[in-house]
Each structure stands twice: as structure tokens, then as C-alpha cells.
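*Asks:* Before we start, here is the structure in question, set down as C-alpha cells.
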Amino acid sequence: MLYINNLTKNYGSFTAVNHLTLHIPEGDLFGFVGPNGAGKTTTIRIVCGLLRASAGSVIIGNTAAAAGSREMKRLIGYVPDFFGVYDNLKVREYMDLYGSMYGMYTRDIAKLTDDLLELVNLSDKKEVYVDTLSRGMKQRLCVARALLHNPKLLILDEPSSGLDPRARVEMKELLKNLHSMGKTIVISSHILSELSEMCNSIGIMNRGQLITAGRIEDILQQLSGGSRLCVRIASGMDNAVRLMKEQAGLVVESVRENEMIVSGSITDEQISALIGRLIQNQVILTGFYREEGNLETLFMQLTGGGAQ
């Protein structure tokens, strides 16, 4: 769906984006993360045609038109991290304005407006002035506006920034709903826990370079070398330790009175077989579970710093 090839953006001697290459498949809900100054917002603005790249290319679907061209912009729905001021426009008029910018027929705009406002739970605000809406409502309205021309790619820059907890939940559910409908979505966000709940893939940038990108579970597995297993044992600890050390790919990290922590790469099928061996060797288990890695730990590991 989105192909970014060797993308570079220079500001004099400073390189904001350094030879970035990234492919986001159709139907992905992709999270874009990185510390301040990482280059992700610059990348998003180049993809949307708001900045000109120093080098590289952006392709959406089968369209090789230049980023920023009219043809490319029709393929993108963009939700920025701020909302413009519209003092004298009602919600319906706001949607009419943007529909007319895309050369849409009035009757089509009216029908799509009704459908999209229902999708973002703003049907009862159709005749309300935009500037009287809460920030959360404005963000949802902005999503509806970005979908008006049925873009192939929806890009959101910090969609939850400044929202209260309830509005964040509403935005998260809206994006998950759009993803379930097959829409390809790219999200830049500060809130890593929300990305881990929504996204099926991520890209992490630092100092203008893409450090890693792919499915979250694959990246966590690759970087951690597997996962940690917590084994709780009522009796037979000596036998359990021996069997764990005999299991290829596992390392015994710690042994306490009734608990053992092991780490390494092991499949669910191997875990099932291992549990069977423990039971056969008179080990009485009271608990056995994975301690999976998380996006916050991965982010800190790769960037050596905090989120924005």
C-alpha cells in the first residue's frame, strides 16, 4: 500500500530524515513512534505533500505520482495534531466545504456526511457550530472529514494528543473499527500503550533513521530472543530445574522457593510437551505462563530515551 523508498529530508547541514525505506501493507494499522526530533512527523508531512523531500520517493498503491501532487493527495486522508478554527461553520457546512474541495457532488456529500457522522458518533451535532465542540468531538469530526473522499490511506498525527481519557477511548475504538473495515491507517502517537492495543505493526525512528519496523510480536520476539516464562511449583523444584536446563533454547534465570524464571525461544507446542515432562517427573505445578515483552520496553531499548 505505502512504499517509502530512500526518503531523505535535509535542512542545510541537518538531516531530519535519513534514507528511510518502509513498506506498509494494505489493511495494516501501523504505529509510528520515536523520541522528539526522530523525524516521524517530517516523514508524515512529506507523504501528505506538505513538505518536499530532498531525495527519495513515495508510492501509494499503484500510483507513482509525486508526493504532493493532486493525484496523490486524493489517495490520502490526513488528520493533523491540531484543528483549525471555523468560527461560523456548522458541522454540516464544514463537511460541505471539504467535499467541494474534492469536486464532489452536493447530493453525494450530504449522503456521506450522514454516514460518516454516524460512524464517528456525531450524528446529533450536524447543526452545531464547529467551534463549540469539545476537542475530542473535533478530532472525531476531523476523522470524518478525512474519510469524505474515501482515501486509500488514512494518516493521523497524534490523534489522542490533548484528549481526556474518555475521548481517548472513543478515538481508539473508532480507529479499531475503521481497521476492521479494511482501511489502511498510519498513526503517530505519544501513547505507546494505546498503540500496542490498536496496531498490528509499528515503526520506530530515532535521529532521522528507521531503527526497526514490522509486526509487533515479531519485533519483540527478535529483539528479546524469545520471552520469559514464569513457572510456579508446589514441589519437585530440583527435577524442574534439571528438566529446564535440558530444554534446548531455554536459560534458567532465577530459582526461588516456589518459583522459577526461564527465558529463551520456545513454541507453544514445546511448552505443552515440557509441561507433560514436568508432570511425569513428579513436579507439581501451580502456574506456568509467559511474561511477554511490551512496546514501552522495546522503545526504551532501541532509543535509549523516553517517548515524546
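Ordered as shown in the C-alpha cells, chains take letters A, B, and onward, while each chain numbers its residues from 1 and ligands are numbered from 1 in the order shown.
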Extract, using only C-alpha atoms, all DNA, RNA and protein residues at most 12 Å from Arg242 in chain A, discarding same-chain residues fewer than 3 positions from it, and format them as a PyMOL selection string.
*Replies:* chain A and resi 236-239+245-247+250-252+255+260+274+277-278+281+283
*Asks:* Near range 132-139 of chain A, within 12 Å and counting only C-alpha atoms, which residues show up once chain neighbours fewer than 5 positions away are dropped, as a ChimeraX atom specification?
*Replies:* /A:78-91,94,117,120-127,144-146,156-172,174-175
*Asks:* Pick out the residues sitting within 10 Å of range 3-9 of chain A, and hand them over as a PyMOL selection string; count only C-alpha atoms, and ignore anything fewer than 2 positions along from it in its own chain.
*Replies:* chain A and resi 1+11-12+14-25+39+42-43+46-47+51-62+64+208-209
*Asks:* Mind listing the strand (DSSP E or B) residues of range 151-269 of chain A, per DSSP on the backbone, as a ChimeraX atom specification?
*Replies:* /A:153-157,184-188,201-206,209-215,227-235,250-255,259-264
